[in-house]
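Student: The file below is data-v7.txt, compact mmCIF, C-alpha atoms:
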```
# COMPACT_ATOMS: atom_id res chain seq x y z
CA MET N 78 -45.65 172.89 83.65
CA ARG N 79 -47.03 170.47 86.23
CA GLY N 80 -45.59 172.52 89.12
CA SER N 81 -47.16 175.73 87.78
CA ALA N 82 -50.60 174.07 87.56
CA ILE N 83 -50.36 172.91 91.17
CA LEU N 84 -49.41 176.40 92.34
CA ALA N 85 -52.28 177.98 90.38
CA ALA N 86 -54.74 175.53 91.89
CA ALA N 87 -53.46 176.28 95.38
CA VAL N 88 -53.82 180.06 94.88
CA THR N 89 -57.35 179.60 93.55
CA LEU N 90 -58.30 177.45 96.54
CA ILE N 91 -56.90 180.07 98.93
CA TRP N 92 -59.08 182.82 97.45
CA VAL N 93 -62.18 180.60 97.45
CA LEU N 94 -61.66 179.79 101.14
CA VAL N 95 -61.01 183.45 101.97
CA TYR N 96 -64.22 184.51 100.20
CA VAL N 97 -66.32 181.83 101.82
CA GLY N 98 -64.85 182.52 105.26
CA THR N 99 -65.12 186.31 105.17
CA GLN N 100 -68.18 186.91 103.03
CA VAL N 101 -70.47 183.86 103.39
CA LEU N 102 -69.90 182.34 106.82
CA ALA N 103 -69.00 185.53 108.67
CA ASP N 104 -71.91 187.53 110.09
CA PRO N 105 -71.64 190.33 109.43
CA ALA N 106 -69.33 189.97 106.35
CA LEU N 107 -65.90 191.53 106.61
CA PRO N 108 -65.20 194.74 104.68
CA MET N 109 -63.47 194.46 101.31
CA LEU N 110 -60.04 195.82 102.40
CA PRO N 111 -59.39 193.27 105.22
CA THR N 112 -60.61 190.51 102.92
CA LEU N 113 -58.12 191.49 100.21
CA GLY N 114 -55.30 191.85 102.74
CA LEU N 115 -55.91 188.37 104.16
CA GLY N 116 -56.05 186.87 100.65
CA LEU N 117 -52.82 188.56 99.57
CA PHE N 118 -51.01 187.49 102.74
CA LEU N 119 -51.96 183.83 102.24
CA THR N 120 -51.14 183.97 98.49
CA ILE N 121 -47.66 185.42 99.08
CA GLY N 122 -46.97 182.78 101.72
CA ALA N 123 -47.98 180.01 99.33
CA VAL N 124 -45.87 181.38 96.45
CA LEU N 125 -42.74 181.79 98.61
CA GLY N 126 -43.09 178.45 100.33
CA TYR N 127 -43.90 176.39 97.25
CA PRO N 128 -40.35 176.32 95.64
CA SER N 129 -38.69 175.28 98.93
CA ALA N 130 -41.05 172.36 99.31
CA LEU N 131 -40.54 171.40 95.69
CA ARG N 132 -36.71 171.56 95.96
CA GLY N 133 -36.73 169.50 99.11
CA ALA N 134 -38.78 166.73 97.56
CA THR N 135 -36.77 166.77 94.34
CA GLY N 136 -33.46 166.86 96.19
CA ARG N 137 -34.44 163.80 98.24
CA ARG N 138 -35.36 161.92 95.08
CA ARG N 139 -32.00 162.71 93.38
CA GLN N 140 -29.73 161.68 96.20
CA ARG N 141 -28.08 158.32 95.69
CA PRO N 142 -24.73 156.81 96.61
CA VAL N 143 -21.82 157.25 94.18
CA SER N 144 -19.77 154.15 93.49
CA PRO N 145 -15.95 154.16 93.72
CA ARG N 146 -15.85 153.25 90.03
CA GLU N 147 -17.78 156.41 89.14
CA VAL N 148 -15.39 158.48 91.25
CA GLU N 149 -12.42 156.91 89.46
CA VAL N 150 -13.94 157.49 86.02
CA SER N 151 -14.78 161.09 86.89
CA ARG N 152 -11.26 161.74 88.12
CA GLY N 153 -9.80 160.07 85.03
CA VAL N 154 -11.89 162.26 82.73
CA ARG N 155 -10.75 165.41 84.56
CA ASP N 156 -7.12 164.26 84.42
CA LEU N 157 -7.34 163.52 80.71
CA ALA N 158 -8.89 166.92 80.04
CA ALA N 159 -6.14 168.63 82.03
CA ALA N 160 -3.47 166.62 80.22
CA GLY N 161 -4.93 167.51 76.85
CA ARG N 162 -4.60 171.23 77.59
CA SER N 163 -0.97 171.09 78.71
CA MET N 164 0.60 168.17 76.83
CA PRO N 165 4.28 168.97 76.04
CA LEU N 166 4.37 166.53 73.10
CA ARG N 167 2.43 169.12 71.11
CA ALA N 168 5.92 170.42 70.26
CA GLY N 169 7.03 167.03 68.86
CA LEU N 170 8.61 163.78 70.03
CA THR N 171 11.78 165.19 71.60
CA PRO N 172 13.60 164.03 74.76
CA GLU N 173 12.71 167.19 76.68
CA ALA N 174 9.04 167.02 75.73
CA ALA N 175 8.96 163.29 76.48
CA ARG N 176 10.42 163.81 79.98
CA ARG N 177 7.93 166.53 80.86
CA THR N 178 5.11 164.34 79.55
CA CYS N 179 6.23 161.37 81.68
CA GLU N 180 6.38 163.56 84.78
CA LEU N 181 2.87 164.81 84.00
CA LEU N 182 1.39 161.35 83.32
CA ARG N 183 2.93 159.39 86.17
CA PRO N 184 0.44 160.51 88.86
CA MET N 185 -2.46 160.47 86.40
CA LEU N 186 -1.91 156.87 85.35
CA SER N 187 -0.99 155.71 88.89
CA GLY N 188 2.16 154.14 87.54
CA ASP N 189 5.34 153.45 89.46
CA ALA N 190 7.25 154.36 86.30
CA VAL N 191 6.31 155.89 82.95
CA SER N 192 8.40 155.69 79.81
CA ILE N 193 8.23 157.14 76.29
CA THR N 194 10.40 155.77 73.49
CA ASP N 195 10.83 156.28 69.79
CA ARG N 196 11.38 153.27 67.55
CA GLU N 197 14.93 152.68 68.73
CA GLN N 198 15.75 154.29 72.06
CA ILE N 199 14.38 155.55 75.34
CA LEU N 200 13.46 159.23 75.16
CA ALA N 201 12.35 159.55 78.79
CA TYR N 202 11.89 157.30 81.83
CA VAL N 203 10.60 158.47 85.22
CA GLY N 204 10.38 156.13 88.20
CA PRO N 205 12.03 153.00 89.64
CA GLY N 206 14.65 151.54 87.31
CA ALA N 207 15.78 154.90 85.96
CA ASP N 208 19.37 153.93 86.78
CA HIS N 209 19.49 151.50 83.85
CA HIS N 210 16.51 152.66 81.75
CA ARG N 211 18.53 155.70 80.79
CA GLU N 212 17.42 158.40 78.39
CA GLY N 213 19.10 158.06 75.02
CA ALA N 214 19.97 154.40 75.58
CA GLN N 215 18.60 151.36 73.79
CA MET N 216 15.32 149.95 75.09
CA GLN N 217 16.07 147.61 78.00
CA THR N 218 12.89 145.55 77.89
CA SER N 219 11.79 143.06 75.27
CA ALA N 220 8.15 144.12 75.60
CA ALA N 221 8.67 147.63 74.16
CA PRO N 222 10.31 146.48 70.88
CA ARG N 223 7.63 143.80 70.63
CA THR N 224 4.96 146.52 70.86
CA ILE N 225 6.60 148.44 68.03
CA ALA N 226 7.02 145.37 65.84
CA ARG N 227 3.43 144.17 66.28
CA GLY N 228 1.81 147.59 66.51
CA LYS N 229 -0.44 146.37 69.32
CA THR N 230 -0.78 146.97 73.05
CA GLN N 231 1.27 144.64 75.24
CA VAL N 232 0.04 143.80 78.75
CA VAL N 233 2.68 141.89 80.70
CA ARG N 234 2.09 140.68 84.26
CA ASP N 235 5.40 139.13 85.30
CA ARG N 236 9.08 139.97 85.27
CA ALA N 237 9.93 137.43 82.57
CA SER N 238 7.40 138.90 80.14
CA VAL N 239 8.72 142.43 80.76
CA GLY N 240 12.10 141.09 79.67
CA CYS N 241 14.38 143.69 81.21
CA ARG N 242 18.07 143.07 80.54
CA THR N 243 18.94 143.96 84.13
CA THR N 244 18.11 140.92 86.26
CA ASP N 245 17.40 142.84 89.46
CA CYS N 246 15.11 145.41 87.78
CA GLU N 247 12.29 146.49 90.05
CA VAL N 248 9.69 146.44 87.26
CA THR N 249 7.41 143.37 87.38
CA SER N 250 4.49 144.31 85.10
CA ALA N 251 3.60 146.84 82.43
CA VAL N 252 1.12 148.15 79.91
CA ILE N 253 2.89 149.33 76.75
CA VAL N 254 0.93 151.03 73.97
CA PRO N 255 2.21 152.11 70.52
CA LEU N 256 2.27 155.80 69.61
CA ARG N 257 1.15 156.45 66.05
CA VAL N 258 1.20 159.21 63.48
CA GLY N 259 -1.35 158.11 60.94
CA SER N 260 -0.71 154.43 60.35
CA ARG N 261 2.97 154.61 61.33
CA VAL N 262 4.16 153.48 64.76
CA ILE N 263 6.75 156.02 65.87
CA GLY N 264 7.24 155.03 69.52
CA THR N 265 5.64 153.69 72.69
CA LEU N 266 4.06 154.83 75.93
CA GLY N 267 4.81 152.43 78.75
CA VAL N 268 3.38 152.34 82.29
CA TYR N 269 5.46 150.08 84.54
CA GLN N 270 4.70 148.78 88.02
CA ALA N 271 7.02 147.48 90.70
CA GLU N 272 4.52 146.62 93.44
CA THR N 273 1.02 147.92 92.70
CA GLU N 274 -1.34 146.48 90.12
CA ILE N 275 -1.05 147.65 86.54
CA PRO N 276 -3.48 150.41 85.53
CA PRO N 277 -6.49 149.66 83.34
CA ARG N 278 -5.42 148.92 79.77
CA ARG N 279 -8.15 151.19 78.39
CA LEU N 280 -6.89 154.17 80.39
CA VAL N 281 -3.36 153.83 79.02
CA GLU N 282 -4.63 153.33 75.47
CA ASP N 283 -6.79 156.43 75.72
CA MET N 284 -3.82 158.45 76.91
CA ALA N 285 -1.66 157.03 74.10
CA ALA N 286 -4.36 158.00 71.60
CA MET N 287 -4.28 161.55 72.96
CA LEU N 288 -0.48 161.66 72.70
CA SER N 289 -0.68 160.33 69.14
CA LEU N 290 -3.11 163.11 68.25
CA HIS N 291 -0.71 165.72 69.64
CA LEU N 292 2.16 164.15 67.70
CA GLU N 293 0.11 164.26 64.49
CA LEU N 294 -0.62 167.94 65.10
CA ALA N 295 3.08 168.57 65.74
CA GLU N 296 3.96 166.87 62.46
CA LEU N 297 1.37 168.96 60.63
CA ASP N 298 2.93 172.07 62.16
CA ARG N 299 6.35 170.96 60.94
CA GLU N 300 5.04 170.29 57.45
CA LYS N 301 3.31 173.64 57.42
CA GLN N 302 6.52 175.36 58.49
CA LEU N 303 8.51 173.51 55.82
CA ALA N 304 5.95 174.50 53.20
CA THR N 305 6.13 178.12 54.31
CA ASP N 306 9.94 178.02 54.18
CA ALA N 307 9.80 176.45 50.73
CA ARG N 308 7.49 179.20 49.47
CA LEU N 309 9.83 181.86 50.80
CA ASN N 310 12.82 180.16 49.18
CA ALA N 311 10.86 179.88 45.95
CA LEU N 312 10.07 183.57 46.09
CA ARG N 313 13.76 184.34 46.61
CA ALA N 314 14.60 182.19 43.58
CA GLN N 315 11.80 183.78 41.56
CA ILE N 316 13.66 187.04 40.92
CA ASN N 317 12.85 187.65 37.30
CA PRO N 318 15.79 186.73 35.04
CA HIS N 319 14.60 189.35 32.57
CA PHE N 320 14.98 191.97 35.29
CA LEU N 321 18.55 190.83 35.96
CA PHE N 322 19.38 190.69 32.25
CA ASN N 323 18.01 194.19 31.63
CA ILE N 324 19.82 195.69 34.64
CA LEU N 325 23.12 194.11 33.60
CA ASN N 326 22.64 195.50 30.09
CA THR N 327 21.97 198.93 31.58
CA ILE N 328 25.13 198.71 33.70
CA ALA N 329 27.18 197.55 30.69
CA SER N 330 25.90 200.44 28.58
CA LYS N 331 26.93 202.96 31.23
CA ALA N 332 30.28 201.34 32.01
CA ARG N 333 32.15 203.42 29.41
CA THR N 334 30.18 206.63 29.28
CA ARG N 335 29.25 206.91 32.99
CA PRO N 336 31.54 204.59 34.97
CA ASP N 337 30.66 206.11 38.33
CA GLU N 338 26.95 205.60 37.76
CA ALA N 339 27.59 202.05 36.55
CA ARG N 340 29.61 201.31 39.70
CA GLU N 341 26.78 202.70 41.86
CA LEU N 342 24.23 200.55 40.06
CA LEU N 343 26.41 197.48 40.52
CA LEU N 344 26.61 198.16 44.26
CA ARG N 345 22.85 198.54 44.48
CA LEU N 346 22.34 195.32 42.55
CA SER N 347 24.61 193.47 44.98
CA GLU N 348 22.66 194.95 47.92
CA PHE N 349 19.42 193.85 46.26
CA PHE N 350 20.52 190.24 45.93
CA ARG N 351 22.21 190.17 49.32
CA TYR N 352 18.98 191.14 51.07
CA ALA N 353 16.86 188.75 49.00
CA VAL N 354 19.10 185.76 49.66
CA ARG N 355 20.38 186.32 53.20
CA GLN N 356 17.28 187.57 54.99
CA GLU N 357 16.42 185.02 57.69
CA GLY N 358 13.01 184.21 59.13
CA HIS N 359 9.61 185.09 57.78
CA TYR N 360 9.32 188.64 59.11
CA ALA N 361 11.38 191.79 58.88
CA GLU N 362 10.92 195.39 59.92
CA PHE N 363 9.01 197.45 57.40
CA ALA N 364 11.97 199.84 57.28
CA GLN N 365 14.15 197.04 55.86
CA GLU N 366 11.53 196.04 53.29
CA TYR N 367 11.07 199.70 52.40
CA TYR N 368 14.81 200.12 51.78
CA PHE N 369 14.75 196.95 49.67
CA VAL N 370 11.91 198.36 47.56
CA ARG N 371 13.74 201.66 47.06
CA THR N 372 16.85 199.76 45.97
CA TYR N 373 14.79 197.84 43.42
CA VAL N 374 13.13 201.04 42.19
CA SER N 375 16.49 202.80 41.75
CA LEU N 376 17.66 199.94 39.52
CA GLU N 377 14.49 200.07 37.41
CA GLN N 378 14.68 203.86 37.13
CA ALA N 379 18.18 203.51 35.71
CA ARG N 380 16.61 201.46 32.91
CA PHE N 381 13.33 203.33 32.35
CA GLY N 382 14.64 206.82 33.04
CA ASP N 383 11.96 209.51 33.24
CA ARG N 384 9.27 207.05 32.16
CA LEU N 385 9.12 205.61 35.70
CA LYS N 386 8.17 207.75 38.66
CA VAL N 387 7.51 206.44 42.17
CA ARG N 388 5.74 208.26 44.98
CA TYR N 389 6.02 207.13 48.60
CA ASP N 390 3.43 207.87 51.28
CA ILE N 391 4.68 206.06 54.37
CA ASP N 392 3.36 206.61 57.88
CA PRO N 393 6.42 206.82 60.21
CA GLN N 394 4.67 204.45 62.63
CA VAL N 395 4.84 201.72 60.00
CA LEU N 396 8.63 201.70 59.88
CA THR N 397 9.01 199.77 63.16
CA THR N 398 6.27 197.21 62.46
CA ARG N 399 7.13 193.73 61.22
CA VAL N 400 5.85 192.51 57.87
CA PRO N 401 6.45 189.29 55.87
CA VAL N 402 9.82 189.22 54.12
CA LEU N 403 9.82 189.89 50.35
CA MET N 404 6.14 190.78 50.40
CA ILE N 405 6.13 194.38 49.16
CA GLN N 406 8.77 194.32 46.40
CA PRO N 407 6.90 191.80 44.19
CA LEU N 408 3.81 194.03 44.34
CA VAL N 409 5.85 197.03 43.21
CA GLU N 410 7.53 194.90 40.53
CA ASN N 411 4.11 193.89 39.20
CA ALA N 412 3.13 197.57 38.95
CA VAL N 413 6.34 198.38 37.05
CA LYS N 414 6.42 195.37 34.76
CA HIS N 415 2.71 194.99 33.95
CA GLY N 416 1.54 198.57 34.41
CA ILE N 417 4.24 201.06 33.49
CA ALA N 418 6.46 199.06 31.10
CA GLY N 419 3.61 198.58 28.64
CA LYS N 420 2.74 202.28 28.53
CA PRO N 421 4.88 204.25 26.02
CA ALA N 422 4.59 207.48 27.97
CA GLY N 423 5.44 205.77 31.25
CA GLY N 424 3.64 206.43 34.49
CA THR N 425 3.75 206.64 38.25
CA VAL N 426 3.70 203.96 40.96
CA HIS N 427 2.38 204.91 44.39
CA LEU N 428 3.35 203.01 47.55
CA ARG N 429 1.26 203.85 50.61
CA ALA N 430 1.50 202.28 54.09
CA ARG N 431 -0.52 202.93 57.22
CA VAL N 432 -1.00 201.53 60.73
CA ASP N 433 -4.42 201.31 62.37
CA PRO N 434 -3.74 201.05 66.13
CA LEU N 435 -7.42 200.47 66.95
CA ALA N 436 -7.93 197.61 64.49
CA ARG N 437 -4.29 196.54 65.05
CA THR N 438 -3.61 196.16 61.34
CA THR N 439 -0.98 197.28 58.85
CA SER N 440 -2.28 198.27 55.41
CA ILE N 441 -0.12 198.48 52.27
CA ARG N 442 -1.40 199.89 49.00
CA VAL N 443 0.46 199.72 45.67
CA SER N 444 -1.16 201.48 42.74
CA ASP N 445 -0.14 202.59 39.26
CA ASP N 446 -1.62 204.55 36.37
CA GLY N 447 -0.40 202.12 33.76
CA VAL N 448 -2.23 199.95 31.24
CA GLY N 449 -4.21 198.05 33.88
CA MET N 450 -5.29 194.41 33.83
CA ALA N 451 -7.55 192.55 31.47
CA PRO N 452 -11.05 192.12 32.98
CA GLU N 453 -10.92 188.32 32.76
CA VAL N 454 -7.65 188.21 34.71
CA LEU N 455 -9.03 190.59 37.34
CA ALA N 456 -12.12 188.38 37.68
CA LYS N 457 -9.96 185.30 38.23
CA MET N 458 -7.98 187.05 40.94
CA ALA N 459 -11.10 188.31 42.66
CA ASP N 460 -12.77 184.89 42.78
CA SER N 461 -10.51 183.22 45.33
CA ALA N 462 -6.95 182.46 46.30
CA ARG N 463 -7.42 179.03 44.73
CA GLU N 464 -8.05 180.53 41.31
CA LEU N 465 -5.10 182.84 41.85
CA ARG N 466 -2.83 179.78 41.85
CA GLY N 467 -3.89 179.06 38.30
CA LEU N 468 -2.24 182.24 37.03
CA ASP N 469 1.19 180.66 36.87
CA SER N 470 0.43 179.27 33.42
CA ILE N 471 0.04 182.81 32.03
CA GLN N 472 2.74 184.47 34.03
CA GLU N 473 4.63 185.73 30.98
CA ASP N 474 1.55 187.40 29.56
CA PRO N 475 2.13 191.16 29.96
CA SER N 476 -1.60 191.77 30.39
CA HIS N 477 -1.74 190.45 33.93
CA ALA N 478 0.02 190.90 37.25
CA GLY N 479 0.95 187.34 38.10
CA VAL N 480 4.59 187.73 39.19
CA GLY N 481 4.89 186.26 42.65
CA LEU N 482 1.18 186.67 43.50
CA GLN N 483 0.60 182.94 43.77
CA ASN N 484 3.50 182.62 46.17
CA ILE N 485 2.47 185.71 48.11
CA THR N 486 -1.08 184.42 48.56
CA GLU N 487 0.09 181.00 49.73
CA ARG N 488 2.53 182.59 52.17
CA LEU N 489 -0.16 184.87 53.55
CA ASN N 490 -2.42 181.86 54.04
CA SER N 491 0.34 180.04 55.90
CA LEU N 492 1.30 183.00 58.08
CA PHE N 493 -2.09 184.53 58.84
CA GLY N 494 -4.82 182.06 57.86
CA ASP N 495 -7.96 184.13 57.29
CA ARG N 496 -6.66 187.15 59.25
CA TYR N 497 -5.49 189.08 56.19
CA ASP N 498 -7.08 190.71 53.16
CA LEU N 499 -5.60 191.00 49.67
CA SER N 500 -7.63 192.79 47.01
CA ILE N 501 -6.79 193.70 43.41
CA SER N 502 -8.84 196.17 41.38
CA THR N 503 -8.72 198.26 38.24
CA PRO N 504 -10.20 201.77 38.68
CA ARG N 505 -12.13 203.47 35.89
CA SER N 506 -9.30 205.98 35.58
CA GLY N 507 -6.97 203.12 34.62
CA GLY N 508 -4.07 201.31 36.19
CA THR N 509 -4.14 198.70 38.94
CA VAL N 510 -4.58 198.92 42.72
CA VAL N 511 -3.37 196.20 45.09
CA GLU N 512 -4.34 196.55 48.75
CA LEU N 513 -2.97 194.31 51.48
CA THR N 514 -4.08 194.37 55.12
CA ILE N 515 -2.29 192.17 57.67
CA PRO N 516 -2.30 191.90 61.48
CA LEU N 517 -0.10 194.41 63.26
CA ARG N 518 3.12 192.89 64.60
```
Mind turning this structure into structure tokens?
Tutor:
Amino acid sequence: MRGSAILAAAVTLIWVLVYVGTQVLADPALPMLPTLGLGLFLTIGAVLGYPSALRGATGRRRQRPVSPREVEVSRGVRDLAAAGRSMPLRAGLTPEAARRTCELLRPMLSGDAVSITDREQILAYVGPGADHHREGAQMQTSAAPRTIARGKTQVVRDRASVGCRTTDCEVTSAVIVPLRVGSRVIGTLGVYQAETEIPPRRLVEDMAAMLSLHLELAELDREKQLATDARLNALRAQINPHFLFNILNTIASKARTRPDEARELLLRLSEFFRYAVRQEGHYAEFAQEYYFVRTYVSLEQARFGDRLKVRYDIDPQVLTTRVPVLMIQPLVENAVKHGIAGKPAGGTVHLRARVDPLARTTSIRVSDDGVGMAPEVLAKMADSARELRGLDSIQEDPSHAGVGLQNITERLNSLFGDRYDLSISTPRSGGTVVELTIPLR
């Protein structure tokens, strides 16, 4: 604001001087056109020259010498930022990740040698002394176990305090910092020196804190993966015993009158369980899930007969996409058990699947024209995934569609976060519609 006022004052002064010089002092006065031209020329020169003068003065005021300490801090900050983006320990405290981390940190921390250990052994050691500080061996120094036992940083400045078992070890000083996950000490980061001075304690502690954060994130990833695996295993074990009992009764009833049909049903039942139990990983091709659904439907049709009809509307492009394992069959089972089974005249289940290449999503829609859901149950499902978890307590109530939906929702949260959409509705015409949209894989 101050600079603008100065410039405005200068322009005003220019025009006053031009007027006085050309109209008052000059005899005769200059015509209007030359007067305006002179004023514009001087104004443009002032406007163009003003920022250069201002920058020059400001630039001279801002120049000052930079201390070596500031250079070191600036470089350390850049190194820490770079390390944070590429830290291998994000995958966990493994020997391979530890070695790559030591190789990355050695020039950053200006250490002759860098070591990472767990609570018992050396995971990685890079630098002088690697001949006896071997990966996978017991810790050779007394300082590292002392750091783990006390849970505090150890700064040692002589060979005796380092306490290496090898008497001619080149290491003479060290900074050793505990690595933590929460409140637990799970290892150490050690920076060892043979000739140069030890690095600043604060720098090593900051790096250890960053490594600890990455290790905590890695542990959270492992726990998340275990939880996801547990949900999938629970879904595999959640195959309704009533479904199995009814199918076995159907097979037994046909064993004498229609032995060939009973044998075919038994083969399909074995295929059903084989796929449910042996499928590995969290994703499978839609074609496999589709075949699994058709196997399930054929078993239910043997029990319900003409009361159960199923219509398939599958886009061929969907067949090669990958979808979560055991995700579609529970939705179809809900439609059969809670929609069609309770309707004396039976009904029809529709399975529709599409791919949207522009939005890069796969959409799956399961609908039925059965008895539908009670409004209060539908409201609970529509509120949030958290309320959906509460449906387990009423899972045997035939008025709702709770079979596997809790598990499905939790698995979708684990696999996709907020990048999926699951909606359940009851149209005015009756029945239930479940629509699932997931990222295209």
Student: Pick from N:Arg496, N:Arg431, N:His359, N:Lys386: nearest to Asp446 in chain N, with only C-alpha atoms counted?
Tutor: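 Ranked by minimum distance to Asp446 in chain N, first place goes to N:Lys386.
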Student: Which neighbours of Ser260 in chain N fall inside 12 Å, counting all atoms listed in the file, when residues of the same chain fewer than 5 positions from it are skipped, and could you give them as a ChimeraX atom specification?
Tutor: /N:228,255,289-290,293
Student: Just how far from CA of Thr509 in chain N is CA of Thr425 in chain N, in Å to one decimal?
Tutor: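 Separation of CA of Thr425 in chain N and CA of Thr509 in chain N: 11.2 Å.
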Student: Please provide as a list of chain:residue names all residues within 9 Å of Leu513 in chain N, with the sequence filter that same-chain residues fewer than 4 positions apart are discarded (counting only C-alpha atoms).
Tutor: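 Near Leu513 in chain N, the qualifying residues are N:Thr439, N:Ser440, N:Ile441, N:Arg442, N:Val443, N:Tyr497, N:Asp498, N:Leu499, N:Ser500, N:Ile501.
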Student: Record the distance separating CA of Ser250 in chain N and CA of Arg236 in chain N, expressed in Å with one decimal.
Tutor: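 CA of Arg236 in chain N lies at a distance of 6.3 Å from CA of Ser250 in chain N.
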Student: As a list in words, please: the residues near range 215-225 of chain N (cut-off 6 Å, only C-alpha atoms, same-chain neighbours under 5 positions excluded).
Tutor: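 With the cut-off at 6 Å, the set is Gln198, Ile199, Val239, Gly240, Cys241 and Arg242 of chain N.
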Student: Which is closest to Arg335 in chain N among N:Ala86, N:Ala379, N:Ile515, N:Val262, if we use all atoms listed in the file?
Tutor: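 That would be N:Ala379, the residue with the smallest distance to Arg335 in chain N.
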Student: Separation of CA of Lys414 in chain N and CA of Leu517 in chain N, in Å?
Tutor: 29.3 Å
